Structure formats: structure tokens, C-alpha cells
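Enquirer: Below is the file structure.txt, with compact mmCIF, C-alpha atoms.
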# COMPACT_ATOMS: atom_id res chain seq x y z
CA MET A 6 15.52 -9.58 -14.94
CA LYS A 7 13.55 -11.22 -12.16
CA ASP A 8 10.92 -13.79 -13.05
CA VAL A 9 7.75 -12.03 -12.10
CA PHE A 10 4.14 -12.46 -13.16
CA GLU A 11 3.24 -9.23 -14.89
CA ILE A 12 -0.41 -8.27 -14.61
CA ALA A 13 -2.22 -5.33 -16.21
CA VAL A 14 -5.56 -3.94 -15.03
CA CYS A 15 -7.24 -1.70 -17.59
CA ASP A 16 -10.41 0.00 -16.39
CA ASP A 17 -11.52 3.62 -16.58
CA SER A 18 -12.98 3.33 -13.08
CA SER A 19 -10.35 3.92 -10.40
CA PHE A 20 -12.60 2.08 -7.95
CA ASP A 21 -12.62 -1.05 -10.11
CA ARG A 22 -8.88 -0.86 -10.64
CA PHE A 23 -8.46 -0.64 -6.88
CA VAL A 24 -10.77 -3.63 -6.31
CA ILE A 25 -8.99 -5.87 -8.81
CA ALA A 26 -5.53 -4.84 -7.60
CA GLU A 27 -6.60 -5.55 -4.01
CA MET A 28 -7.98 -8.96 -4.96
CA ILE A 29 -4.77 -9.77 -6.85
CA ASP A 30 -2.70 -8.81 -3.78
CA CYS A 31 -4.86 -11.01 -1.60
CA TYR A 32 -4.78 -13.92 -4.04
CA PHE A 33 -1.00 -13.89 -4.34
CA LYS A 34 -0.35 -13.31 -0.64
CA ASP A 35 0.42 -16.93 0.14
CA LYS A 36 1.64 -17.94 -3.29
CA SER A 37 5.26 -18.73 -3.83
CA PHE A 38 6.02 -16.43 -6.72
CA LEU A 39 6.39 -12.76 -7.40
CA TYR A 40 3.92 -10.58 -9.28
CA HIS A 41 3.59 -6.99 -10.38
CA VAL A 42 0.43 -5.08 -11.20
CA THR A 43 0.27 -2.13 -13.62
CA GLU A 44 -2.93 -0.11 -13.73
CA TYR A 45 -4.24 1.58 -16.88
CA CYS A 46 -7.07 4.09 -16.88
CA ASN A 47 -7.28 4.04 -20.66
CA GLU A 48 -6.93 1.43 -23.37
CA ILE A 49 -4.71 3.42 -25.74
CA THR A 50 -1.81 3.48 -23.28
CA LEU A 51 -2.25 -0.25 -22.70
CA ILE A 52 -2.17 -1.00 -26.45
CA ASP A 53 0.91 1.22 -26.90
CA ASP A 54 2.70 -0.42 -23.98
CA ILE A 55 2.02 -3.91 -25.27
CA GLU A 56 3.16 -2.99 -28.76
CA GLU A 57 6.38 -1.79 -27.17
CA SER A 58 6.93 -4.78 -24.90
CA ASN A 59 4.63 -7.77 -24.84
CA ARG A 60 5.31 -8.29 -21.16
CA TYR A 61 1.98 -9.03 -19.53
CA ASP A 62 1.05 -12.56 -18.54
CA ILE A 63 -2.48 -11.50 -17.64
CA ILE A 64 -4.63 -8.53 -18.61
CA PHE A 65 -7.84 -7.63 -16.80
CA LEU A 66 -9.85 -5.63 -19.27
CA ASP A 67 -13.01 -3.63 -18.71
CA ILE A 68 -15.57 -3.97 -21.51
CA TYR A 69 -16.82 -0.38 -21.61
CA LEU A 70 -13.73 1.78 -21.89
CA ASN A 71 -13.20 5.39 -22.98
CA SER A 72 -13.07 5.12 -26.76
CA LEU A 73 -13.07 1.40 -27.55
CA LEU A 74 -14.89 -1.67 -26.29
CA GLY A 75 -12.74 -4.09 -24.33
CA ILE A 76 -13.51 -6.71 -26.97
CA GLU A 77 -12.08 -4.41 -29.67
CA VAL A 78 -9.00 -3.78 -27.53
CA ALA A 79 -8.53 -7.55 -27.12
CA LYS A 80 -8.81 -8.06 -30.90
CA LYS A 81 -6.17 -5.40 -31.48
CA LEU A 82 -3.89 -7.00 -28.91
CA ARG A 83 -4.34 -10.47 -30.40
CA SER A 84 -3.74 -9.24 -33.96
CA GLY A 85 -0.59 -7.52 -32.67
CA GLY A 86 0.69 -10.86 -31.38
CA TYR A 87 -0.28 -10.69 -27.72
CA ASN A 88 -0.71 -14.27 -26.57
CA GLY A 89 -1.11 -13.83 -22.83
CA ARG A 90 -4.32 -14.28 -20.91
CA ILE A 91 -7.19 -11.82 -21.07
CA VAL A 92 -9.98 -11.61 -18.50
CA PHE A 93 -12.92 -9.31 -19.10
CA LEU A 94 -14.54 -7.30 -16.33
CA THR A 95 -18.04 -6.02 -16.86
CA ALA A 96 -21.49 -5.53 -15.43
CA SER A 97 -23.10 -7.00 -18.55
CA ASP A 98 -23.02 -10.47 -20.08
CA LYS A 99 -23.61 -8.96 -23.54
CA TYR A 100 -20.12 -9.77 -24.82
CA ALA A 101 -19.61 -13.11 -23.05
CA VAL A 102 -20.00 -15.17 -26.24
CA GLU A 103 -17.86 -12.80 -28.28
CA SER A 104 -15.12 -13.11 -25.69
CA TYR A 105 -14.44 -16.62 -27.02
CA ASP A 106 -13.32 -15.06 -30.32
CA VAL A 107 -10.36 -13.50 -28.57
CA ASP A 108 -9.62 -16.61 -26.50
CA ALA A 109 -10.54 -14.96 -23.20
CA ALA A 110 -9.46 -16.79 -20.07
CA GLY A 111 -12.39 -15.44 -18.10
CA TYR A 112 -15.37 -13.13 -18.03
CA LEU A 113 -15.93 -11.68 -14.57
CA LEU A 114 -19.32 -10.12 -14.02
CA LYS A 115 -19.84 -7.29 -11.56
CA PRO A 116 -20.67 -7.05 -8.72
CA HIS A 117 -17.21 -8.25 -7.85
CA ASN A 118 -17.01 -11.58 -6.07
CA TYR A 119 -13.73 -12.65 -4.47
CA GLU A 120 -14.38 -16.38 -4.71
CA LYS A 121 -15.23 -16.18 -8.39
CA PHE A 122 -12.15 -14.08 -8.94
CA CYS A 123 -10.00 -16.75 -7.27
CA ASN A 124 -11.67 -19.50 -9.31
CA VAL A 125 -10.80 -17.71 -12.52
CA MET A 126 -7.24 -17.22 -11.32
CA ASP A 127 -6.92 -20.87 -10.33
CA ARG A 128 -8.55 -22.34 -13.40
CA GLY A 129 -7.27 -20.33 -16.22
CA LEU A 130 -5.21 -17.35 -15.42
CA ILE A 131 -1.97 -18.78 -14.27
CA GLY A 132 -2.76 -22.26 -15.47
CA ARG A 133 -2.22 -23.46 -11.95
CA ARG A 134 -2.19 -27.22 -12.07
CA LYS A 135 -2.39 -29.63 -9.24
CA ASN A 136 0.88 -30.85 -7.81
CA THR A 137 3.07 -28.53 -9.81
CA ILE A 138 5.35 -25.61 -9.13
CA ILE A 139 5.12 -22.76 -11.60
CA VAL A 140 8.41 -21.46 -12.87
CA LYS A 141 8.19 -18.20 -14.75
CA LYS A 142 10.77 -17.89 -17.52
CA ARG A 143 11.57 -14.79 -19.53
CA SER A 144 8.88 -15.46 -22.13
CA SER A 145 7.10 -18.58 -20.94
CA VAL A 146 5.78 -20.43 -17.95
CA GLU A 147 6.93 -23.91 -17.03
CA TYR A 148 5.10 -26.33 -14.76
CA ILE A 149 7.31 -28.61 -12.71
CA SER A 150 5.51 -31.66 -11.47
CA TYR A 151 6.24 -32.68 -7.86
CA ASP A 152 6.98 -36.14 -9.28
CA ASN A 153 10.00 -34.76 -11.11
CA ILE A 154 11.52 -32.77 -8.26
CA ARG A 155 14.50 -34.40 -6.59
CA TYR A 156 15.03 -31.67 -4.01
CA ILE A 157 14.75 -27.93 -3.56
CA GLU A 158 17.62 -25.87 -2.31
CA SER A 159 17.39 -22.41 -0.82
CA SER A 160 20.01 -19.97 -2.04
CA ASN A 161 19.84 -16.37 -0.78
CA THR A 162 16.67 -14.82 -2.21
CA LYS A 163 15.86 -17.71 -4.53
CA CYS A 164 15.25 -21.43 -4.56
CA LEU A 165 16.84 -23.93 -6.91
CA ILE A 166 14.59 -26.77 -7.99
CA HIS A 167 16.70 -29.81 -8.80
CA CYS A 168 14.81 -32.13 -11.12
CA SER A 169 15.16 -35.80 -11.97
CA ASP A 170 16.08 -34.92 -15.57
CA GLY A 171 19.12 -33.04 -14.26
CA LYS A 172 17.66 -29.59 -14.93
CA VAL A 173 17.82 -26.93 -12.23
CA HIS A 174 15.11 -24.26 -12.25
CA THR A 175 15.31 -20.99 -10.34
CA ILE A 176 12.34 -19.47 -8.56
CA TYR A 177 12.42 -16.25 -6.57
CA THR A 178 10.77 -17.17 -3.33
CA ARG A 179 11.51 -18.41 0.17
CA LEU A 180 11.85 -22.10 0.87
CA ASP A 181 9.35 -21.98 3.73
CA LEU A 182 6.69 -20.57 1.35
CA LEU A 183 7.36 -23.37 -1.11
CA GLU A 184 7.24 -25.87 1.73
CA ASN A 185 3.79 -24.56 2.71
CA ASP A 186 2.59 -24.75 -0.88
CA ILE A 187 3.75 -28.32 -1.42
CA ASP A 188 1.26 -30.45 0.43
CA ASP A 189 2.79 -33.81 -0.41
CA LYS A 190 3.90 -36.54 1.98
CA ARG A 191 7.02 -37.27 -0.11
CA PHE A 192 8.57 -33.91 0.71
CA LEU A 193 10.51 -33.43 3.92
CA ARG A 194 12.20 -30.29 5.22
CA CYS A 195 15.45 -31.86 6.34
CA HIS A 196 17.59 -28.74 6.61
CA ARG A 197 17.25 -24.97 6.72
CA SER A 198 18.28 -24.92 3.06
CA PHE A 199 16.79 -28.17 1.76
CA LEU A 200 13.41 -29.69 1.05
CA VAL A 201 13.90 -33.23 -0.17
CA ASN A 202 11.65 -35.55 -2.14
CA LEU A 203 12.06 -38.85 -0.27
CA TYR A 204 11.09 -40.80 -3.36
CA TYR A 205 14.53 -39.99 -4.81
CA VAL A 206 16.52 -40.79 -1.66
CA ARG A 207 18.72 -43.83 -2.05
CA SER A 208 20.06 -43.93 1.48
CA MET A 209 20.45 -42.01 4.68
CA ASN A 210 23.41 -41.64 7.01
CA GLU A 211 24.27 -38.19 8.45
CA ASN A 212 22.82 -36.82 5.21
CA PHE A 213 20.59 -38.04 2.41
CA VAL A 214 22.20 -39.70 -0.59
CA MET A 215 20.08 -39.21 -3.65
CA ASP A 216 19.56 -41.67 -6.49
CA ASN A 217 22.10 -39.74 -8.60
CA ASP A 218 24.67 -39.71 -5.75
CA GLU A 219 24.06 -36.07 -4.86
CA ILE A 220 24.11 -35.28 -1.14
CA VAL A 221 21.29 -33.42 0.57
CA LEU A 222 22.14 -32.08 4.02
CA ILE A 223 20.23 -33.00 7.16
CA LYS A 224 20.03 -30.69 10.16
CA LYS A 225 22.11 -32.39 12.80
CA LYS A 226 19.82 -31.53 15.71
CA SER A 227 16.84 -33.07 13.94
CA ILE A 228 18.46 -36.22 12.63
CA LYS A 229 16.47 -38.56 14.92
CA ASP A 230 13.14 -37.12 13.89
CA ILE A 231 14.12 -37.06 10.25
CA ARG A 232 15.27 -40.69 10.36
CA ARG A 233 11.94 -41.65 11.92
CA MET A 234 9.99 -39.75 9.24
CA TYR A 235 12.12 -41.27 6.51
CA LEU A 236 11.49 -44.79 7.86
CA GLU A 237 7.78 -44.06 8.16
CA TYR A 238 7.71 -42.83 4.59
CA ASN A 239 9.48 -45.98 3.41
CA SER A 240 7.13 -48.25 5.37
CA ASN A 241 4.11 -46.55 3.83
CA ALA A 242 5.74 -46.55 0.42
CA VAL A 243 6.33 -50.29 0.62
CA LEU A 244 2.69 -50.82 1.57
CA THR A 245 1.42 -48.63 -1.25
CA GLY A 246 4.03 -49.65 -3.79
CA ASP A 247 5.18 -46.04 -4.08
CA LEU A 248 8.88 -46.69 -3.78
CA ALA A 249 11.69 -46.60 -6.28
CA GLU A 250 14.48 -48.24 -4.38
CA ILE A 251 15.61 -48.58 -0.81
CA VAL A 252 19.25 -49.15 -0.22
CA GLY A 253 21.16 -49.17 3.03
CA VAL A 254 18.53 -47.69 5.33
CA MET B 9 -21.22 1.27 14.78
CA GLU B 10 -20.20 -1.99 13.10
CA LEU B 11 -20.33 -2.54 9.36
CA ARG B 12 -23.34 -4.80 9.85
CA ASP B 13 -25.16 -2.00 11.70
CA PHE B 14 -24.30 0.42 8.92
CA TYR B 15 -25.80 -1.88 6.29
CA ASN B 16 -28.83 -2.58 8.47
CA ALA B 17 -29.34 1.17 8.91
CA ILE B 18 -29.42 1.72 5.15
CA GLY B 19 -31.65 -1.32 4.65
CA GLU B 20 -29.15 -3.48 2.77
CA ASN B 21 -28.08 -7.09 3.23
CA TYR B 22 -24.65 -7.23 4.85
CA ASP B 23 -24.47 -11.03 4.97
CA LEU B 24 -24.96 -11.28 1.23
CA LEU B 25 -22.23 -8.71 0.68
CA LEU B 26 -19.87 -10.51 3.05
CA SER B 27 -20.52 -13.82 1.27
CA ARG B 28 -19.35 -12.13 -1.95
CA LEU B 29 -16.33 -10.23 -0.68
CA LEU B 30 -15.41 -12.57 2.19
CA SER B 31 -13.76 -10.00 4.43
CA SER B 32 -15.01 -7.03 6.44
CA ASP B 33 -11.60 -5.37 6.05
CA ARG B 34 -12.00 -5.58 2.31
CA ILE B 35 -15.49 -4.09 2.44
CA GLU B 36 -14.27 -1.25 4.63
CA LYS B 37 -11.38 -0.54 2.25
CA TYR B 38 -13.71 -0.44 -0.75
CA LEU B 39 -16.15 1.84 1.08
CA THR B 40 -13.35 4.25 1.96
CA ILE B 41 -12.33 4.47 -1.70
CA PHE B 42 -15.94 4.89 -2.84
CA PHE B 43 -16.69 7.73 -0.43
CA SER B 44 -13.42 9.50 -1.23
CA GLU B 45 -14.27 9.64 -4.94
CA ASN B 46 -17.82 11.04 -4.86
CA ASN B 47 -18.80 10.09 -8.40
CA ILE B 48 -22.43 10.88 -7.54
CA GLU B 49 -21.48 14.57 -7.44
CA ASP B 50 -19.90 14.15 -10.89
CA LEU B 51 -23.10 12.55 -12.18
CA LYS B 52 -25.18 15.41 -10.79
CA ASN B 53 -22.94 18.09 -12.37
CA GLN B 54 -22.88 16.30 -15.72
CA ILE B 55 -26.69 16.19 -15.76
CA ILE B 56 -26.94 19.86 -14.73
CA ASN B 57 -24.51 20.77 -17.52
CA ILE B 58 -26.44 18.54 -19.97
CA ASP B 59 -23.26 16.59 -20.65
CA PHE B 60 -25.22 13.38 -21.20
CA GLN B 61 -22.44 11.31 -22.74
CA SER B 62 -20.26 11.82 -19.66
CA ALA B 63 -23.29 11.20 -17.43
CA ILE B 64 -23.98 7.89 -19.23
CA ASN B 65 -20.37 6.81 -18.66
CA THR B 66 -20.45 7.86 -15.01
CA ALA B 67 -23.78 6.10 -14.45
CA HIS B 68 -22.41 2.95 -16.06
CA THR B 69 -19.40 2.98 -13.75
CA LEU B 70 -21.58 3.69 -10.73
CA LYS B 71 -23.84 0.73 -11.51
CA GLY B 72 -20.93 -1.65 -11.02
CA VAL B 73 -19.44 0.19 -8.05
CA THR B 74 -22.66 0.47 -6.03
CA SER B 75 -23.66 -3.13 -6.71
CA THR B 76 -20.18 -4.30 -5.67
CA LEU B 77 -20.67 -2.43 -2.37
CA GLY B 78 -24.08 -3.98 -1.80
CA PHE B 79 -25.99 -0.69 -2.19
CA ASP B 80 -28.71 -2.48 -4.13
CA ARG B 81 -31.36 0.24 -4.00
CA LEU B 82 -28.91 2.91 -5.12
CA ALA B 83 -27.58 0.55 -7.81
CA SER B 84 -31.13 -0.06 -9.02
CA ASP B 85 -31.85 3.69 -9.27
CA ILE B 86 -28.56 4.24 -11.10
CA CYS B 87 -29.47 1.45 -13.49
CA VAL B 88 -32.74 3.25 -14.25
CA ILE B 89 -31.06 6.63 -14.76
CA HIS B 90 -28.53 5.00 -17.06
CA GLY B 91 -31.38 3.88 -19.33
CA VAL B 92 -33.11 7.25 -19.05
CA LEU B 93 -29.93 9.09 -20.03
CA LYS B 94 -29.42 6.79 -22.98
CA ASN B 95 -32.95 7.65 -24.15
CA ASN B 96 -32.16 11.34 -23.74
CA GLU B 97 -35.07 11.86 -21.33
CA THR B 98 -33.81 15.07 -19.74
CA GLU B 99 -36.66 15.78 -17.34
CA LYS B 100 -36.83 12.23 -15.99
CA ALA B 101 -33.06 12.22 -15.56
CA GLY B 102 -33.24 15.37 -13.41
CA ILE B 103 -35.90 13.91 -11.09
CA LEU B 104 -34.10 10.59 -10.75
CA CYS B 105 -30.79 12.30 -10.18
CA GLN B 106 -32.27 14.21 -7.23
CA LYS B 107 -33.46 10.91 -5.74
CA ILE B 108 -30.02 9.35 -6.22
CA VAL B 109 -28.27 12.34 -4.66
CA GLU B 110 -30.55 12.13 -1.60
CA GLU B 111 -30.10 8.36 -1.26
CA TYR B 112 -26.34 8.76 -1.53
CA ALA B 113 -26.32 11.61 1.04
CA HIS B 114 -28.18 9.35 3.48
CA ILE B 115 -25.64 6.55 3.02
CA TYR B 116 -22.70 8.97 3.13
CA ASN B 117 -23.83 10.65 6.35
CA LEU B 118 -24.38 7.33 8.07
CA TRP B 119 -20.95 6.16 7.02
CA PHE B 120 -19.32 9.29 8.38
CA SER B 121 -21.27 9.18 11.63
CA MET B 122 -20.02 5.61 11.98
CA HIS B 123 -16.46 6.90 11.74
CA GLY B 124 -17.08 9.72 14.19
CA LYS B 125 -17.03 12.40 11.53
CA VAL B 126 -19.83 14.62 10.37
CA ARG B 127 -20.25 15.75 6.83
CA ALA B 128 -19.42 19.45 6.45
Spit out the file's structure as C-alpha cells when you get a sec.

Expert:
Amino acid sequence: MKDVFEIAVCDDSSFDRFVIAEMIDCYFKDKSFLYHVTEYCNEITLIDDIEESNRYDIIFLDIYLNSLLGIEVAKKLRSGGYNGRIVFLTASDKYAVESYDVDAAGYLLKPHNYEKFCNVMDRGLIGRRKNTIIVKKRSSVEYISYDNIRYIESSNTKCLIHCSDGKVHTIYTRLDLLENDIDDKRFLRCHRSFLVNLYYVRSMNENFVMDNDEIVLIKKKSIKDIRRMYLEYNSNAVLTGDLAEIVGV
Amino acid sequence: MELRDFYNAIGENYDLLLSRLLSSDRIEKYLTIFFSENNIEDLKNQIINIDFQSAINTAHTLKGVTSTLGFDRLASDICVIHGVLKNNETEKAGILCQKIVEEYAHIYNLWFSMHGKVRA
């Protein structure tokens, strides 16, 4: 099974389902992980589906549905063991306080507003934290701090995140998307298949030698530029004290 | 006709809408969906058939949809009819519904003239 963010949108209005699905598409466009949206026009099918497989990471839930209130649906889901995130969609703030009872991650008021939607997504929905990569596991989400990443290796359709604790996490994305996401001066794209955290580099010759003796490849044609960037990083790191060890540069 | 001209022609604030939805492509997409659904016709038929519960639900949905699209006057009228329907005020609902249908027809025809099509 691929590690994908599963999102449900439950609203009896096809227009509102379209709007939320479109905003989700737009939000995830430049993000480095996969997602899948399932639309529900009624709450009963949603409840049945979740009873069958508790697979959704996020549920967008209209308040005024066909037979039940969204708040009642959320209570049913929680009592059935659903522990993912719930965001209410509504034109009324009537149930905003009650939404705390079901541990809602957000309460989006209509008219729809893209910026507010993104804020809710950033803040609560995917728990996006600064300077982390999100790794979706089968039943959980793990946040890998940039500090703990030794290097990232591209391998066919996925990337392998090699961490300082020896763990290797898999994420289904392209290395160039991850590279764009990681806005951190420690990370250097040194090869088509490698993005290295210079903090963990022990030395450099034709390739990087990491602090645990692993080798990270350097693109031969770019070696001069990479050496210059590596030296620049080390000079700055010495000045700022952000350096573990420099050996044999 | 640009989107801004369309909103000017119906007396609504395009800049405010754009500041909420951030993209003219997005607005155009949402408008296309809205006009393809024609929920106003559903509302009218439900009121004619005195199916008030369905009309209340449709009006509720339309409140959100029209306000999302920046049709503030239409949204305001729909908000009023929603309350009227809830109070079971049949006669008032009929009069208001006529107003809403006319307002919608005006918006709809302008939209289609903008796209080089004329309503049949």
C-alpha cells in the first residue's frame, strides 16, 4: 500500500464538494506527498465506510447534512474510534463551540476563503511543522526534523530519508520536489540521486564521506561548484558555531 | 467580457471576491459549476410544489454557494427566503422566490453573453 494522505469531503452540496476538492488539489500541488480525496454526498455512507476501514487522515464535514448534523456525525465517528482530524464546513457559527467537544481541527465558515483554508491545513490538518518532512506510515504520521536527516536518496518513484539514528524512511515523491520544499542552507543537491545535509559530512574528495562512513555521490561535472559551496557552508558554520566536525577538507 | 466586467455589470465587488479566492481561474471554475447545476430552478419547483422541507435545504445550500461566488444581493435574498420558509410563510416565499428567479436570470444571462452563448 502506498503512503497517501486520505481525505474525505462530506457535503450534500456538490458545489461545496467541488470547491473543497479543488482547494485541496491546489494546496497539495507543490507539496511533496501524495493525497487522495473521496467525496461523500451523504453522512451515512461516510459513517459506514469509516466503520469498515478507519482510513481517513482528514474529514471535511458539512454541518447541515441530510439526516444528521455534522456535529452528530463527528460524535458517532469519535465514539466508533475515529481519531483522525475533522474540519467542519458551514455558513453558521452556531456549532463552533460544540465543535471542541469532538476535538475538531478547524471550523471553516462560508463563504469559502482559500487563504483561511490553507491556514487550517497548515496549522492543524496535517500537523505541518516547521523544518520537518512528513512521512505517512500505514496508521500514523511521523515528522522527521531536518536536523536529523543525514541525506536523502532518490530511488525510482520514491525517496529514502537516511536519518542520524540509522533509520531509513520511505516517502513517495520526487527528489526535486523535496529539494524545493527544504529551504535550509545545510542541504545541498550534490547528485541527481542525492540531497545531502552538509552538517553530517565528515570529508569530501570525489564524493562526500558522512560521519558514519557512508558515501554520498557527487556529480562529477559539478564537483568544483559543490566543493566551493561545501567550503562556504563550513566557513559560515565555523562563524556561527553550527558545525559538528570538519575533517580532511 | 472579463470577469471583473461581469461582476461590475451585476453590481458586485470583484476585488473582494478575488481577495477571498485568490485566482480568477478558480472563480471561473466555480461559476461554471454553479451555472451548470441550476439549484435556483430546484428551489422554485420545490416552492411551487409546496415541498418546504426540500426548499429549506436548497435555500440553505444556496446561501453558502451564492456568498462564495460573491453574489451578495442574491445571497441576501436567499437568506431572507430561508427564514421565510422556516416560518412557513407561503405567500411571502412565493413573492421572494420570483425576485430570486429574476435576479438569477439576470446574472445567468450576463454570464452566458460573456461566453458568447445565449440562454435558450

Enquirer: Show me as a list of chain:residue names the residues that reach within 10 Å of (-3.1, 0.6, -22.2), counting only C-alpha atoms and using the file's own coordinates.

Expert: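 Applying the cut-off with only C-alpha atoms, one gets A:Ala13, A:Val14, A:Cys15, A:Asp16, A:Thr43, A:Glu44, A:Tyr45, A:Cys46, A:Asn47, A:Glu48, A:Ile49, A:Thr50, A:Leu51, A:Ile52, A:Asp53, A:Asp54, A:Ile55, A:Glu56, A:Ile64, A:Leu66, A:Val78.
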
Enquirer: For region 71-75 of chain B, work out the shell of residues within 7 Å, counting only C-alpha atoms and skipping chain neighbours fewer than 2 positions away, then give it as a list in words.

Expert: Ala96, Lys115 and Pro116 of chain A; Ala67, His68, Thr69, Leu77, Gly78, Phe79, Asp80, Leu82, Ala83, Ile86 and Cys87 of chain B

Enquirer: Can you spit out the residues from that selection as a tab-separated table (two decimals), keeping the file's coordinate frame, using C-alpha atoms?

Expert:
chain	number	residue	atom	x	y	z
A	96	ALA	CA	-21.49	-5.53	-15.43
A	115	LYS	CA	-19.84	-7.29	-11.56
A	116	PRO	CA	-20.67	-7.05	-8.72
B	67	ALA	CA	-23.78	6.10	-14.45
B	68	HIS	CA	-22.41	2.95	-16.06
B	69	THR	CA	-19.40	2.98	-13.75
B	77	LEU	CA	-20.67	-2.43	-2.37
B	78	GLY	CA	-24.08	-3.98	-1.80
B	79	PHE	CA	-25.99	-0.69	-2.19
B	80	ASP	CA	-28.71	-2.48	-4.13
B	82	LEU	CA	-28.91	2.91	-5.12
B	83	ALA	CA	-27.58	0.55	-7.81
B	86	ILE	CA	-28.56	4.24	-11.10
B	87	CYS	CA	-29.47	1.45	-13.49

Enquirer: Select, from A:Phe213, A:Tyr40, A:Tyr148, A:Tyr205, the residue with the minimum atom-to-atom distance to Ser169 (chain A), counting all atoms listed in the file.

Expert: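 Of A:Phe213, A:Tyr40, A:Tyr148, A:Tyr205, the one nearest Ser169 (chain A), counting all atoms listed in the file, is A:Tyr205.
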
Enquirer: Can you work out which residues from chain A touch chain B at a cut-off of 10 Å (counting all atoms listed in the file) and hand them back as a count of residues only?

Expert: 25

Enquirer: Kindly give the distance, in Å, that separates CA of Phe192 (chain A) and CA of Ile228 (chain A), rounded to a single decimal.

Expert: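 Answer for the CA of Phe192 (chain A) to CA of Ile228 (chain A) separation: 15.7 Å.
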
Enquirer: Take region 73-90 of chain A, model N, CA and C atoms, and hand the result over as a PDB file, keeping the file's coordinate frame.

Expert:
ATOM      1  N   LEU A  73     -12.884   2.710 -26.910  1.00  0.00           N
ATOM      2  CA  LEU A  73     -13.070   1.400 -27.550  1.00  0.00           C
ATOM      3  C   LEU A  73     -13.760   0.447 -26.579  1.00  0.00           C
ATOM      4  N   LEU A  74     -14.370  -0.596 -27.140  1.00  0.00           N
ATOM      5  CA  LEU A  74     -14.890  -1.670 -26.290  1.00  0.00           C
ATOM      6  C   LEU A  74     -13.715  -2.585 -25.916  1.00  0.00           C
ATOM      7  N   GLY A  75     -13.798  -3.169 -24.754  1.00  0.00           N
ATOM      8  CA  GLY A  75     -12.740  -4.090 -24.330  1.00  0.00           C
ATOM      9  C   GLY A  75     -12.520  -5.206 -25.341  1.00  0.00           C
ATOM     10  N   ILE A  76     -13.608  -5.653 -25.962  1.00  0.00           N
ATOM     11  CA  ILE A  76     -13.510  -6.710 -26.970  1.00  0.00           C
ATOM     12  C   ILE A  76     -12.659  -6.233 -28.152  1.00  0.00           C
ATOM     13  N   GLU A  77     -12.870  -4.967 -28.551  1.00  0.00           N
ATOM     14  CA  GLU A  77     -12.080  -4.410 -29.670  1.00  0.00           C
ATOM     15  C   GLU A  77     -10.609  -4.289 -29.275  1.00  0.00           C
ATOM     16  N   VAL A  78     -10.385  -3.891 -28.028  1.00  0.00           N
ATOM     17  CA  VAL A  78      -9.000  -3.780 -27.530  1.00  0.00           C
ATOM     18  C   VAL A  78      -8.340  -5.167 -27.589  1.00  0.00           C
ATOM     19  N   ALA A  79      -9.079  -6.181 -27.130  1.00  0.00           N
ATOM     20  CA  ALA A  79      -8.530  -7.550 -27.120  1.00  0.00           C
ATOM     21  C   ALA A  79      -8.202  -8.005 -28.544  1.00  0.00           C
ATOM     22  N   LYS A  80      -9.082  -7.679 -29.504  1.00  0.00           N
ATOM     23  CA  LYS A  80      -8.810  -8.060 -30.900  1.00  0.00           C
ATOM     24  C   LYS A  80      -7.539  -7.397 -31.406  1.00  0.00           C
ATOM     25  N   LYS A  81      -7.388  -6.120 -31.066  1.00  0.00           N
ATOM     26  CA  LYS A  81      -6.170  -5.400 -31.480  1.00  0.00           C
ATOM     27  C   LYS A  81      -4.930  -6.049 -30.860  1.00  0.00           C
ATOM     28  N   LEU A  82      -5.047  -6.393 -29.590  1.00  0.00           N
ATOM     29  CA  LEU A  82      -3.890  -7.000 -28.910  1.00  0.00           C
ATOM     30  C   LEU A  82      -3.542  -8.346 -29.525  1.00  0.00           C
ATOM     31  N   ARG A  83      -4.573  -9.152 -29.797  1.00  0.00           N
ATOM     32  CA  ARG A  83      -4.340 -10.470 -30.400  1.00  0.00           C
ATOM     33  C   ARG A  83      -3.725 -10.315 -31.794  1.00  0.00           C
ATOM     34  N   SER A  84      -4.268  -9.383 -32.585  1.00  0.00           N
ATOM     35  CA  SER A  84      -3.740  -9.240 -33.960  1.00  0.00           C
ATOM     36  C   SER A  84      -2.318  -8.682 -33.914  1.00  0.00           C
ATOM     37  N   GLY A  85      -1.960  -8.019 -32.810  1.00  0.00           N
ATOM     38  CA  GLY A  85      -0.590  -7.520 -32.670  1.00  0.00           C
ATOM     39  C   GLY A  85       0.347  -8.562 -32.080  1.00  0.00           C
ATOM     40  N   GLY A  86      -0.174  -9.759 -31.832  1.00  0.00           N
ATOM     41  CA  GLY A  86       0.690 -10.860 -31.380  1.00  0.00           C
ATOM     42  C   GLY A  86       0.648 -11.121 -29.893  1.00  0.00           C
ATOM     43  N   TYR A  87      -0.215 -10.424 -29.160  1.00  0.00           N
ATOM     44  CA  TYR A  87      -0.280 -10.690 -27.720  1.00  0.00           C
ATOM     45  C   TYR A  87      -0.898 -12.064 -27.478  1.00  0.00           C
ATOM     46  N   ASN A  88      -0.180 -12.915 -26.777  1.00  0.00           N
ATOM     47  CA  ASN A  88      -0.710 -14.270 -26.570  1.00  0.00           C
ATOM     48  C   ASN A  88      -0.874 -14.627 -25.093  1.00  0.00           C
ATOM     49  N   GLY A  89      -0.866 -13.598 -24.262  1.00  0.00           N
ATOM     50  CA  GLY A  89      -1.110 -13.830 -22.830  1.00  0.00           C
ATOM     51  C   GLY A  89      -2.592 -14.012 -22.558  1.00  0.00           C
ATOM     52  N   ARG A  90      -2.924 -14.036 -21.287  1.00  0.00           N
ATOM     53  CA  ARG A  90      -4.320 -14.280 -20.910  1.00  0.00           C
ATOM     54  C   ARG A  90      -5.080 -12.971 -20.738  1.00  0.00           C
TER      55      ARG A  90
END
